[in-house]
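Asker: Below you'll find coords_29.txt; it's compact mmCIF, C-alpha atoms.
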```
# COMPACT_ATOMS: atom_id res chain seq x y z
CA MET Y 26 -48.23 -239.81 -100.72
CA ASN Y 27 -48.89 -236.61 -102.64
CA VAL Y 28 -51.85 -235.67 -104.84
CA ASN Y 29 -50.05 -236.28 -108.15
CA ARG Y 30 -49.21 -239.83 -107.16
CA ILE Y 31 -52.81 -240.51 -106.13
CA LYS Y 32 -54.01 -239.11 -109.47
CA LYS Y 33 -51.65 -241.48 -111.28
CA MET Y 34 -53.08 -244.41 -109.31
CA VAL Y 35 -56.59 -243.27 -110.26
CA LYS Y 36 -55.60 -243.15 -113.93
CA ASN Y 37 -54.05 -246.63 -113.85
CA SER Y 38 -56.78 -248.31 -111.81
CA THR Y 39 -59.30 -250.55 -113.63
CA PHE Y 40 -61.42 -251.44 -110.57
CA PRO Y 41 -64.30 -248.86 -110.39
CA PRO Y 42 -64.88 -248.88 -106.59
CA PHE Y 43 -61.16 -248.49 -105.93
CA LYS Y 44 -60.94 -245.77 -108.58
CA MET Y 45 -63.78 -243.84 -106.93
CA ALA Y 46 -62.24 -244.23 -103.47
CA LEU Y 47 -58.93 -242.91 -104.79
CA LYS Y 48 -60.65 -239.90 -106.36
CA ILE Y 49 -62.32 -239.07 -103.05
CA TRP Y 50 -59.03 -239.48 -101.21
CA ALA Y 51 -57.21 -237.32 -103.77
CA GLY Y 52 -59.80 -234.56 -103.33
CA PHE Y 53 -59.55 -234.73 -99.56
CA HIS Y 54 -55.73 -234.75 -99.72
CA HIS Y 55 -55.75 -231.74 -102.05
CA ILE Y 56 -58.01 -229.75 -99.70
CA LEU Y 57 -55.84 -230.72 -96.74
CA ASP Y 58 -52.68 -229.58 -98.55
CA LYS Y 59 -54.25 -226.24 -99.50
CA LEU Y 60 -55.49 -225.72 -95.96
CA SER Y 61 -52.05 -226.53 -94.49
CA PHE Y 62 -50.34 -224.22 -96.97
CA THR Y 63 -52.77 -221.35 -96.32
CA THR Y 64 -52.64 -221.68 -92.55
CA SER Y 65 -48.83 -221.70 -92.63
CA THR Y 66 -48.79 -218.03 -93.69
CA PRO Y 67 -49.24 -216.66 -90.13
CA ILE Y 68 -46.17 -218.69 -89.08
CA TYR Y 69 -43.97 -216.26 -91.04
CA TYR Y 70 -45.24 -213.47 -88.75
CA PHE Y 71 -45.44 -215.47 -85.51
CA ALA Y 72 -41.83 -216.68 -85.94
CA ARG Y 73 -40.62 -213.08 -85.86
CA LEU Y 74 -40.85 -213.41 -82.10
CA PHE Y 75 -37.73 -215.59 -82.39
CA PRO Y 76 -34.30 -214.16 -83.27
CA LEU Y 77 -32.73 -214.85 -86.64
CA GLN Y 78 -30.28 -217.74 -86.58
CA ASN Y 79 -27.02 -218.34 -88.45
CA LYS Y 80 -28.94 -220.71 -90.64
CA VAL Y 81 -29.39 -221.25 -94.38
CA VAL Y 82 -32.55 -222.77 -95.84
CA ALA Y 83 -31.79 -224.19 -99.28
CA SER Y 84 -33.41 -226.31 -101.98
CA THR Y 85 -32.99 -227.52 -105.56
CA PHE Y 86 -35.63 -228.48 -108.12
CA MET Y 87 -38.42 -228.05 -105.58
CA GLY Y 88 -36.80 -230.55 -103.25
CA ARG Y 89 -36.37 -233.27 -105.87
CA LYS Y 90 -32.57 -233.56 -105.62
CA TYR Y 91 -29.42 -232.49 -103.83
CA GLY Y 92 -27.41 -230.67 -106.45
CA ASP Y 93 -27.16 -227.72 -108.81
CA ASN Y 94 -26.01 -224.26 -107.71
CA THR Y 95 -27.28 -224.39 -104.14
CA LYS Y 96 -25.38 -227.59 -103.36
CA PHE Y 97 -22.03 -226.10 -104.34
CA ILE Y 98 -22.69 -222.89 -102.42
CA VAL Y 99 -23.61 -224.59 -99.13
CA GLU Y 100 -20.65 -226.95 -99.40
CA GLU Y 101 -18.27 -224.02 -99.82
CA LEU Y 102 -20.01 -222.24 -96.95
CA LEU Y 103 -19.50 -225.23 -94.66
CA LYS Y 104 -15.79 -225.20 -95.53
CA ILE Y 105 -15.62 -221.62 -94.27
CA ASP Y 106 -17.66 -222.28 -91.14
CA PRO Y 107 -18.71 -225.88 -90.35
CA LYS Y 108 -20.95 -224.58 -87.55
CA ILE Y 109 -23.40 -222.82 -89.87
CA GLU Y 110 -26.70 -224.65 -89.80
CA ILE Y 111 -28.02 -225.81 -93.19
CA LYS Y 112 -31.64 -226.93 -93.62
CA TRP Y 113 -32.59 -228.55 -96.93
CA VAL Y 114 -36.20 -228.41 -98.13
CA LYS Y 115 -36.68 -231.94 -99.48
CA ASN Y 116 -39.43 -233.73 -101.38
CA PHE Y 117 -39.33 -237.14 -99.67
CA ASN Y 118 -40.99 -238.79 -102.67
CA TYR Y 119 -37.54 -238.59 -104.27
CA LYS Y 120 -34.83 -240.81 -102.85
CA TYR Y 121 -31.47 -239.15 -102.35
CA GLN Y 122 -28.96 -238.74 -99.57
CA LEU Y 123 -27.89 -235.50 -97.92
CA PRO Y 124 -24.53 -235.01 -96.18
CA SER Y 125 -24.79 -235.62 -92.45
CA ASN Y 126 -24.24 -231.93 -91.66
CA ILE Y 127 -27.22 -230.85 -93.79
CA LYS Y 128 -30.62 -231.49 -92.21
CA PRO Y 129 -33.72 -232.23 -94.32
CA ILE Y 130 -37.17 -230.74 -93.79
CA SER Y 131 -40.19 -231.96 -95.73
CA ARG Y 132 -41.36 -229.68 -98.52
CA PHE Y 133 -44.93 -230.59 -97.63
CA SER Y 134 -44.58 -229.78 -93.92
CA PHE Y 135 -45.75 -226.25 -94.66
CA TRP Y 136 -45.75 -224.99 -91.07
CA ARG Y 137 -42.21 -226.32 -90.49
CA VAL Y 138 -40.99 -224.81 -93.78
CA ALA Y 139 -42.49 -221.45 -92.86
CA TYR Y 140 -40.80 -221.52 -89.44
CA GLU Y 141 -37.39 -222.44 -90.89
CA TYR Y 142 -37.59 -219.70 -93.53
CA ALA Y 143 -38.78 -217.13 -91.00
CA THR Y 144 -35.87 -217.79 -88.63
CA ALA Y 145 -33.03 -218.23 -91.16
CA LYS Y 146 -30.67 -215.42 -92.06
CA VAL Y 147 -30.23 -216.69 -95.62
CA TRP Y 148 -32.48 -218.39 -98.21
CA LEU Y 149 -31.10 -220.15 -101.30
CA ASP Y 150 -32.99 -221.76 -104.17
CA THR Y 151 -32.73 -222.72 -107.82
CA HIS Y 152 -36.45 -222.26 -108.45
CA ARG Y 153 -39.32 -220.07 -107.33
CA PHE Y 154 -40.01 -219.48 -103.64
CA PRO Y 155 -43.37 -220.37 -102.02
CA SER Y 156 -46.08 -217.85 -102.89
CA ASN Y 157 -46.92 -217.25 -99.21
CA ALA Y 158 -43.31 -216.66 -98.11
CA LYS Y 159 -42.67 -213.44 -96.16
CA LYS Y 160 -39.21 -211.99 -95.68
CA ARG Y 161 -38.27 -210.11 -92.55
CA LYS Y 162 -35.67 -207.44 -91.91
CA GLY Y 163 -32.15 -208.80 -91.64
CA GLN Y 164 -32.62 -211.71 -94.06
CA LEU Y 165 -30.78 -212.31 -97.33
CA VAL Y 166 -32.59 -214.08 -100.19
CA ILE Y 167 -30.48 -215.38 -103.09
CA GLU Y 168 -32.07 -216.79 -106.24
CA THR Y 169 -29.50 -218.80 -108.21
CA TRP Y 170 -31.85 -220.23 -110.86
CA HIS Y 171 -30.52 -223.20 -112.85
CA GLY Y 172 -30.93 -222.66 -116.59
CA GLY Y 173 -28.06 -220.46 -117.69
CA LEU Y 174 -28.04 -219.97 -121.44
CA GLY Y 175 -31.27 -221.93 -121.75
CA ILE Y 176 -33.06 -222.40 -125.07
CA LYS Y 177 -36.57 -222.72 -123.69
CA LYS Y 178 -38.40 -219.73 -122.27
CA ILE Y 179 -39.01 -219.67 -118.53
CA ASP Y 180 -41.77 -218.59 -116.17
CA GLY Y 181 -43.19 -215.14 -116.97
CA ASP Y 182 -41.83 -215.28 -120.52
CA VAL Y 183 -44.07 -218.31 -121.22
CA SER Y 184 -47.54 -217.10 -122.19
CA LYS Y 185 -49.39 -220.18 -120.92
CA PHE Y 186 -47.60 -219.93 -117.55
CA ARG Y 187 -48.79 -216.34 -117.09
CA GLN Y 188 -52.34 -217.71 -117.10
CA LEU Y 189 -51.62 -220.11 -114.24
CA LYS Y 190 -52.34 -218.42 -110.92
CA ARG Y 191 -49.93 -220.55 -108.87
CA ILE Y 192 -46.93 -219.96 -111.12
CA SER Y 193 -47.69 -216.27 -111.59
CA LYS Y 194 -47.92 -215.77 -107.83
CA GLU Y 195 -44.65 -217.64 -107.22
CA VAL Y 196 -42.90 -215.59 -109.91
CA GLU Y 197 -44.16 -212.38 -108.32
CA THR Y 198 -43.17 -213.54 -104.82
CA THR Y 199 -39.68 -214.57 -105.93
CA SER Y 200 -39.14 -211.22 -107.62
CA ILE Y 201 -40.22 -209.33 -104.49
CA LEU Y 202 -38.22 -211.47 -102.05
CA ALA Y 203 -34.90 -211.76 -103.89
CA ASP Y 204 -32.04 -209.49 -102.86
CA ILE Y 205 -29.82 -210.99 -105.57
CA PHE Y 206 -30.27 -213.09 -108.69
CA ILE Y 207 -27.12 -215.02 -109.66
CA SER Y 208 -26.23 -214.81 -113.35
CA GLN Y 209 -23.60 -216.27 -115.65
CA SER Y 210 -24.35 -214.29 -118.80
CA SER Y 211 -25.80 -211.04 -120.07
CA HIS Y 212 -28.43 -213.13 -121.82
CA LEU Y 213 -29.59 -214.66 -118.53
CA SER Y 214 -29.61 -211.28 -116.80
CA LYS Y 215 -32.00 -209.98 -119.47
CA VAL Y 216 -34.17 -213.06 -119.03
CA TYR Y 217 -34.44 -212.36 -115.29
CA ARG Y 218 -35.68 -208.84 -116.07
CA SER Y 219 -38.38 -210.09 -118.44
CA ALA Y 220 -39.38 -213.48 -117.01
CA PHE Y 221 -39.56 -212.29 -113.38
CA ASP Y 222 -40.10 -208.58 -113.99
CA TYR Y 223 -37.18 -208.30 -111.59
CA LYS Y 224 -35.94 -204.81 -110.73
CA GLY Y 225 -33.35 -205.75 -108.12
CA LYS Y 226 -29.65 -206.61 -108.08
CA ILE Y 227 -28.25 -209.18 -110.53
CA TRP Y 228 -24.77 -210.47 -109.76
CA LYS Y 229 -23.01 -211.76 -112.88
CA ILE Y 230 -20.52 -213.89 -111.02
CA GLY Y 231 -20.89 -217.23 -112.82
CA TYR Y 232 -22.75 -220.40 -111.93
CA PRO Y 233 -21.43 -222.31 -108.87
CA LYS Y 234 -22.17 -225.66 -110.48
CA ASN Y 235 -19.92 -224.70 -113.42
CA ASP Y 236 -16.83 -223.97 -111.32
CA MET Y 237 -15.68 -227.57 -111.70
CA LEU Y 238 -15.72 -227.24 -115.50
CA PHE Y 239 -12.42 -225.41 -115.17
CA PHE Y 240 -10.82 -228.27 -113.23
CA ASP Y 241 -8.89 -231.27 -114.56
CA ASN Y 242 -11.52 -233.71 -115.81
CA GLU Y 243 -9.39 -236.87 -115.51
CA PRO Y 244 -10.47 -237.70 -111.91
CA TYR Y 245 -14.11 -237.37 -112.94
CA GLN Y 246 -13.65 -239.65 -115.94
CA LYS Y 247 -12.08 -242.30 -113.72
CA LYS Y 248 -14.87 -241.91 -111.18
CA ILE Y 249 -17.69 -242.25 -113.72
CA LYS Y 250 -16.08 -245.14 -115.58
CA GLN Y 251 -15.63 -247.03 -112.32
CA TYR Y 252 -19.21 -246.26 -111.27
CA PHE Y 253 -20.69 -247.64 -114.51
CA ASN Y 254 -18.11 -250.43 -114.90
CA PHE Y 255 -16.63 -249.00 -118.11
CA ASN Y 256 -13.09 -249.63 -119.26
CA GLN Y 257 -10.80 -246.69 -118.57
CA ASP Y 258 -10.06 -246.25 -122.29
CA ASP Y 259 -13.78 -246.12 -123.21
CA LYS Y 260 -15.22 -242.82 -124.43
CA ILE Y 261 -18.47 -241.39 -123.06
CA CYS Y 262 -21.31 -239.61 -124.83
CA VAL Y 263 -24.00 -238.13 -122.57
CA TYR Y 264 -27.54 -237.75 -123.93
CA ALA Y 265 -29.48 -235.31 -121.71
CA PRO Y 266 -32.78 -234.03 -123.11
CA THR Y 267 -35.29 -231.88 -121.27
CA PHE Y 268 -38.93 -232.65 -120.47
CA ARG Y 269 -42.03 -231.58 -122.42
CA ASP Y 270 -44.76 -229.65 -120.61
CA ASP Y 271 -47.40 -232.29 -121.42
CA PHE Y 272 -45.32 -234.88 -119.58
CA TRP Y 273 -47.50 -234.53 -116.46
CA SER Y 274 -50.70 -235.42 -118.30
CA LYS Y 275 -49.42 -237.78 -121.02
CA GLY Y 276 -46.20 -239.25 -119.70
CA ILE Y 277 -43.10 -239.53 -121.87
CA ASN Y 278 -43.59 -239.06 -125.59
CA LYS Y 279 -40.97 -241.51 -126.83
CA ASP Y 280 -41.15 -240.10 -130.37
CA VAL Y 281 -39.28 -236.94 -129.31
CA TYR Y 282 -36.50 -238.98 -127.70
CA ALA Y 283 -36.23 -241.53 -130.51
CA ILE Y 284 -32.46 -241.53 -131.00
CA ASN Y 285 -31.04 -244.62 -132.66
CA PHE Y 286 -28.35 -245.20 -130.07
CA MET Y 287 -26.63 -247.95 -132.01
CA ASN Y 288 -26.19 -245.67 -135.02
CA LEU Y 289 -25.05 -242.90 -132.68
CA LYS Y 290 -22.31 -245.16 -131.30
CA HIS Y 291 -21.20 -246.19 -134.78
CA ALA Y 292 -21.02 -242.56 -135.97
CA LEU Y 293 -19.01 -241.49 -132.92
CA ASN Y 294 -16.66 -244.41 -133.38
CA LYS Y 295 -16.15 -243.67 -137.07
CA ARG Y 296 -15.56 -239.92 -136.59
CA PHE Y 297 -13.67 -239.85 -133.27
CA SER Y 298 -12.48 -243.48 -132.99
CA GLY Y 299 -12.53 -245.49 -129.77
CA GLU Y 300 -15.14 -247.60 -128.01
CA TRP Y 301 -18.09 -245.38 -127.05
CA LYS Y 302 -20.54 -245.75 -124.18
CA ILE Y 303 -23.83 -243.81 -124.11
CA LEU Y 304 -25.27 -242.46 -120.84
CA ALA Y 305 -28.86 -241.16 -120.93
CA ARG Y 306 -29.74 -238.55 -118.33
CA TRP Y 307 -33.40 -237.59 -118.06
CA HIS Y 308 -34.53 -234.29 -116.57
CA PRO Y 309 -35.01 -234.35 -112.75
CA LEU Y 310 -38.76 -233.75 -113.17
CA MET Y 311 -38.94 -237.07 -115.06
CA LEU Y 312 -36.88 -239.02 -112.53
CA ARG Y 313 -39.67 -240.82 -110.67
CA TYR Y 314 -41.52 -241.72 -113.85
CA VAL Y 315 -38.40 -243.21 -115.44
CA THR Y 316 -37.48 -245.23 -112.34
CA GLU Y 317 -41.05 -246.39 -111.59
CA THR Y 318 -41.74 -247.54 -115.16
CA LYS Y 319 -38.20 -248.92 -115.65
CA MET Y 320 -38.26 -247.41 -119.10
CA SER Y 321 -36.22 -249.50 -121.53
CA LEU Y 322 -33.55 -247.75 -123.56
CA GLY Y 323 -32.05 -250.76 -125.29
CA SER Y 324 -28.71 -252.46 -124.90
CA SER Y 325 -26.69 -249.61 -126.45
CA VAL Y 326 -27.34 -247.07 -123.69
CA ILE Y 327 -27.22 -246.92 -119.89
CA ASP Y 328 -29.69 -244.88 -117.82
CA ALA Y 329 -27.71 -242.41 -115.67
CA THR Y 330 -30.72 -240.44 -114.38
CA CYS Y 331 -30.25 -241.64 -110.81
CA TYR Y 332 -26.58 -240.73 -110.70
CA PRO Y 333 -26.42 -237.95 -108.06
CA GLU Y 334 -24.56 -235.15 -109.86
CA MET Y 335 -25.10 -234.04 -113.46
CA GLN Y 336 -21.91 -231.97 -113.53
CA ASP Y 337 -19.84 -235.10 -112.86
CA LEU Y 338 -21.26 -236.61 -116.05
CA ILE Y 339 -20.45 -233.45 -118.00
CA MET Y 340 -16.89 -233.55 -116.69
CA ALA Y 341 -16.56 -237.19 -117.79
CA ALA Y 342 -18.16 -236.71 -121.22
CA ASP Y 343 -16.21 -236.80 -124.48
CA ALA Y 344 -19.30 -235.75 -126.47
CA PHE Y 345 -22.76 -234.44 -125.62
CA VAL Y 346 -26.24 -234.59 -127.18
CA SER Y 347 -29.36 -232.71 -126.07
CA ASP Y 348 -32.45 -231.01 -127.41
CA TYR Y 349 -33.43 -227.85 -125.50
CA SER Y 350 -31.70 -228.41 -122.15
CA SER Y 351 -29.36 -225.72 -120.84
CA CYS Y 352 -26.88 -228.41 -119.77
CA ILE Y 353 -25.53 -228.50 -123.33
CA PHE Y 354 -24.06 -225.04 -122.75
CA ASP Y 355 -22.33 -226.30 -119.60
CA ALA Y 356 -20.82 -229.12 -121.66
CA ALA Y 357 -19.74 -226.66 -124.35
CA ILE Y 358 -17.69 -224.73 -121.79
CA ARG Y 359 -15.36 -227.73 -121.85
CA GLU Y 360 -15.28 -227.41 -125.66
CA ILE Y 361 -16.19 -231.05 -126.23
CA PRO Y 362 -18.26 -231.86 -129.36
CA CYS Y 363 -21.92 -231.02 -128.68
CA PHE Y 364 -24.89 -231.85 -130.92
CA THR Y 365 -28.61 -231.03 -130.79
CA PHE Y 366 -31.27 -233.60 -131.70
CA ALA Y 367 -34.85 -232.29 -131.68
CA THR Y 368 -37.68 -233.81 -133.70
CA ASP Y 369 -40.37 -231.41 -132.47
CA PHE Y 370 -38.84 -227.94 -132.50
CA GLU Y 371 -41.70 -226.13 -134.28
CA GLU Y 372 -44.28 -227.67 -131.92
CA TYR Y 373 -42.08 -226.96 -128.90
CA LYS Y 374 -41.50 -223.39 -130.02
CA LEU Y 375 -45.25 -222.83 -130.42
CA ASP Y 376 -46.15 -224.47 -127.10
CA ARG Y 377 -43.36 -223.34 -124.77
CA GLY Y 378 -41.51 -220.57 -126.59
CA VAL Y 379 -37.74 -220.32 -127.14
CA TYR Y 380 -35.01 -217.70 -126.87
CA TYR Y 381 -33.10 -218.97 -129.92
CA GLU Y 382 -33.73 -220.65 -133.23
CA MET Y 383 -31.89 -223.97 -133.33
CA GLU Y 384 -29.85 -222.81 -136.32
CA ASP Y 385 -28.59 -219.84 -134.26
CA LEU Y 386 -26.85 -222.15 -131.79
CA PRO Y 387 -23.21 -223.18 -132.20
CA PHE Y 388 -24.15 -226.87 -132.17
CA PRO Y 389 -24.84 -228.98 -135.30
CA TYR Y 390 -28.64 -229.44 -135.34
CA ALA Y 391 -30.45 -232.63 -136.37
CA LYS Y 392 -34.19 -233.15 -136.79
CA ASN Y 393 -33.85 -236.91 -137.26
CA ASN Y 394 -31.38 -239.76 -136.83
CA GLU Y 395 -29.98 -239.51 -140.33
CA GLU Y 396 -29.08 -235.84 -139.81
CA LEU Y 397 -27.55 -236.57 -136.41
CA GLU Y 398 -25.33 -239.24 -137.91
CA GLN Y 399 -24.32 -236.92 -140.77
CA ASN Y 400 -23.54 -234.08 -138.34
CA ILE Y 401 -21.25 -236.30 -136.31
CA LEU Y 402 -19.44 -237.68 -139.33
CA ALA Y 403 -18.98 -234.17 -140.78
CA PHE Y 404 -17.97 -232.54 -137.47
CA ASP Y 405 -15.34 -229.83 -137.95
CA GLU Y 406 -13.58 -229.03 -134.67
CA MET Y 407 -12.21 -225.64 -135.70
CA GLU Y 408 -15.54 -224.50 -137.15
CA TYR Y 409 -17.28 -225.62 -133.96
CA LYS Y 410 -14.86 -223.80 -131.65
CA ASN Y 411 -15.17 -220.61 -133.70
CA ALA Y 412 -18.97 -220.81 -133.55
CA TRP Y 413 -18.87 -221.39 -129.78
CA SER Y 414 -16.51 -218.44 -129.25
CA ALA Y 415 -18.83 -216.17 -131.24
CA PHE Y 416 -21.85 -217.39 -129.27
CA LYS Y 417 -20.12 -216.73 -125.94
CA LEU Y 418 -19.34 -213.20 -127.05
CA LYS Y 419 -22.91 -212.63 -128.28
CA THR Y 420 -24.53 -213.84 -125.04
CA GLY Y 421 -21.97 -212.35 -122.66
CA LEU Y 422 -21.14 -215.68 -121.02
CA PHE Y 423 -19.16 -215.12 -117.83
CA GLU Y 424 -17.77 -217.96 -115.74
CA THR Y 425 -14.98 -217.50 -113.20
CA GLY Y 426 -14.38 -220.96 -111.77
CA HIS Y 427 -14.85 -219.63 -108.22
CA ALA Y 428 -18.48 -218.47 -108.12
CA ALA Y 429 -19.41 -220.82 -105.24
CA LYS Y 430 -16.54 -219.51 -103.09
CA ASP Y 431 -17.43 -215.88 -103.85
CA ILE Y 432 -21.10 -216.38 -102.96
CA ALA Y 433 -20.23 -218.40 -99.84
CA PHE Y 434 -17.89 -215.60 -98.73
CA LEU Y 435 -20.70 -213.07 -99.19
CA ILE Y 436 -23.10 -215.21 -97.14
CA ASN Y 437 -20.60 -215.78 -94.35
CA GLU Y 438 -19.83 -212.06 -94.10
CA PHE Y 439 -23.57 -211.34 -94.03
CA MET Y 440 -23.99 -213.87 -91.21
CA LYS Y 441 -21.33 -212.00 -89.22
CA GLY Y 442 -23.11 -208.68 -89.78
CA ASN Y 443 -20.80 -207.33 -92.48
CA LYS Y 444 -22.98 -206.13 -95.37
CA ASN Y 445 -20.18 -204.36 -97.27
CA PRO Y 446 -19.64 -207.19 -99.81
CA LEU Y 447 -23.35 -207.11 -100.60
CA GLU Y 448 -23.41 -203.36 -101.02
CA GLU Y 449 -20.30 -203.42 -103.20
CA ILE Y 450 -21.94 -205.57 -105.85
CA LYS Y 451 -22.72 -203.23 -108.73
CA GLY Y 452 -25.05 -205.64 -110.48
CA GLU Y 453 -26.22 -205.98 -114.07
CA PRO Y 454 -28.32 -203.17 -115.59
```
Mind converting the file's structure to structure tokens?

Answerer:
Amino acid sequence: MNVNRIKKMVKNSTFPPFKMALKIWAGFHHILDKLSFTTSTPIYYFARLFPLQNKVVASTFMGRKYGDNTKFIVEELLKIDPKIEIKWVKNFNYKYQLPSNIKPISRFSFWRVAYEYATAKVWLDTHRFPSNAKKRKGQLVIETWHGGLGIKKIDGDVSKFRQLKRISKEVETTSILADIFISQSSHLSKVYRSAFDYKGKIWKIGYPKNDMLFFDNEPYQKKIKQYFNFNQDDKICVYAPTFRDDFWSKGINKDVYAINFMNLKHALNKRFSGEWKILARWHPLMLRYVTETKMSLGSSVIDATCYPEMQDLIMAADAFVSDYSSCIFDAAIREIPCFTFATDFEEYKLDRGVYYEMEDLPFPYAKNNEELEQNILAFDEMEYKNAWSAFKLKTGLFETGHAAKDIAFLINEFMKGNKNPLEEIKGEP
């Protein structure tokens, strides 16, 4: 049980003695975690006594899921060489399965994590690396990130984050450690330079998780419809908003997610015809809260948060709705109708910061349910495709459909001692 979960129990408890006992336990647990984390630092140096192994240490969303860019890279890598050892840094508070040939290590076993990092030839992650991590000669550190053409500002570009010592230190550490940042647009490459103050090599090769967006989507539609017991002629709209930063202290603010799903279905049916099903996909950071509280969404929508792979849902979608999540850009690559619904943009912009105004995006923007319905009914496919094409040109979007294979090839060559592919990468300015 981690500190955040204990704090939640303290907040929900109404029995004073139990509440006090939980507070004491939370304080003790916090001190123990900090002590374990601090004392794990020497492991990075001690483990240098051991040779580097043909091993990759990978993680996604701070161990909360198996997915995103790192998943697709390691799976391609294992196709090249099934003998390569893959260790996955996992947060065991989140329930998900790993393939049998990928071994989990607990994110909170700090000594074990330090040892695995210190003896692995390659590190992969979609987020920041631990602030005490130390790289040794002969290791390759690849930061894939996860946001792409994201609307919301990230890490060092967020003023309130710069004031948080933990985040600032992790940003600095990640920037120092990384040999390569993986990019899928000129926009994202510029964000890396500013948000991480990164001076190293940026490889604009595309996002591994987006490779499948260039495949035939029919198998994915069949798969998703079978999984959720839909009819094969049903149409699917995915609603995938992001979290708000006050989520940790206040929980979910339902006002910012207040879509009238019944009206959404009716509008989609009227404009595009067919029987529509709505899948709601909450951000991975919200996963445990949504599942623990069994948050009701009404009869018109199905919660797809626990479905293992977001990209499968994007491949199955016939339309897409989000607020500030970067996944809407992934959906747009397929050129399906995409709409933004955000009731709190001015507040969000002031609190978090954004890279775009909502009106600058190629997606019809609604601030309330009436506008969302109007945008769907008035949707012009040609106008939308022209706006998306112009946006891709403006941001320098670059997807190849084989990014995972290219990165896996680089890693495998590095494992064998061939650094030429790494040295041949010119990188973004």

Asker: Here is a test: counting only C-alpha atoms, which residue of Y:Phe439, Y:Tyr70, Y:Trp148, Y:Tyr282 is nearest to Y:Phe366?

Answerer: Y:Tyr282

Asker: I'd like to know which of Y:Asn116, Y:Ser193, Y:Ser351, Y:Gln122 is closest to Y:Pro333, using all atoms listed in the file.

Answerer: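 Checking each of Y:Asn116, Y:Ser193, Y:Ser351, Y:Gln122 against Y:Pro333, counting all atoms listed in the file, the winner is Y:Gln122.
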
Asker: As a VMD selection string, please: the residues near Y:Lys290 (cut-off 9 Å, all atoms listed in the file, same-chain neighbours under 3 positions excluded).

Answerer: chain Y and resid 262 285 to 287 293 to 295 300 to 303 325

Asker: Counting only C-alpha atoms, what is within 12 Å of Y:Asp106, bar same-chain residues fewer than 2 positions away, as a list in words?

Answerer: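 Contacts, in chain order: Asn79, Lys80, Val99, Glu100, Glu101, Leu102, Leu103, Lys104, Lys108, Ile109, Glu110, Ile111, Asn126, Ala433, Phe434, Ile436, Asn437, Glu438, Met440 and Lys441 of chain Y.
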
Asker: To one decimal in Å, tell me the separation between atom CA of Y:Arg218 and atom CA of Y:Asp270.

Answerer: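 Going from atom CA of Y:Arg218 over to atom CA of Y:Asp270 covers 23.2 Å.
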
Asker: Counting only C-alpha atoms, find residues at most 6 Å from (-23.5, -224.4, -106.3) (file frame) and give them as a list in words.

Answerer: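 In the file's frame, the residues around the point are Asp93, Asn94, Thr95, Lys96, Phe97, Ile98, Pro233, Lys234 and Ala429 of chain Y.
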
Asker: Box along x, y and z, 3 Å on every side, all listed atoms of stretch 446-451 of chain Y inside: centre and edge lengths in Å to one decimal, as lines of an AutoDock Vina configuration file.

Answerer:
```
center_x = -21.5
center_y = -205.2
center_z = -104.3
size_x = 9.8
size_y = 10.0
size_z = 14.9
```

Asker: Under the rule that all atoms listed in the file are counted, which of Y:Phe117, Y:Tyr264, Y:Tyr142, Y:Phe345 is the nearest residue to Y:Ala83?

Answerer: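 For Y:Ala83, the nearest of the candidates is Y:Tyr142.
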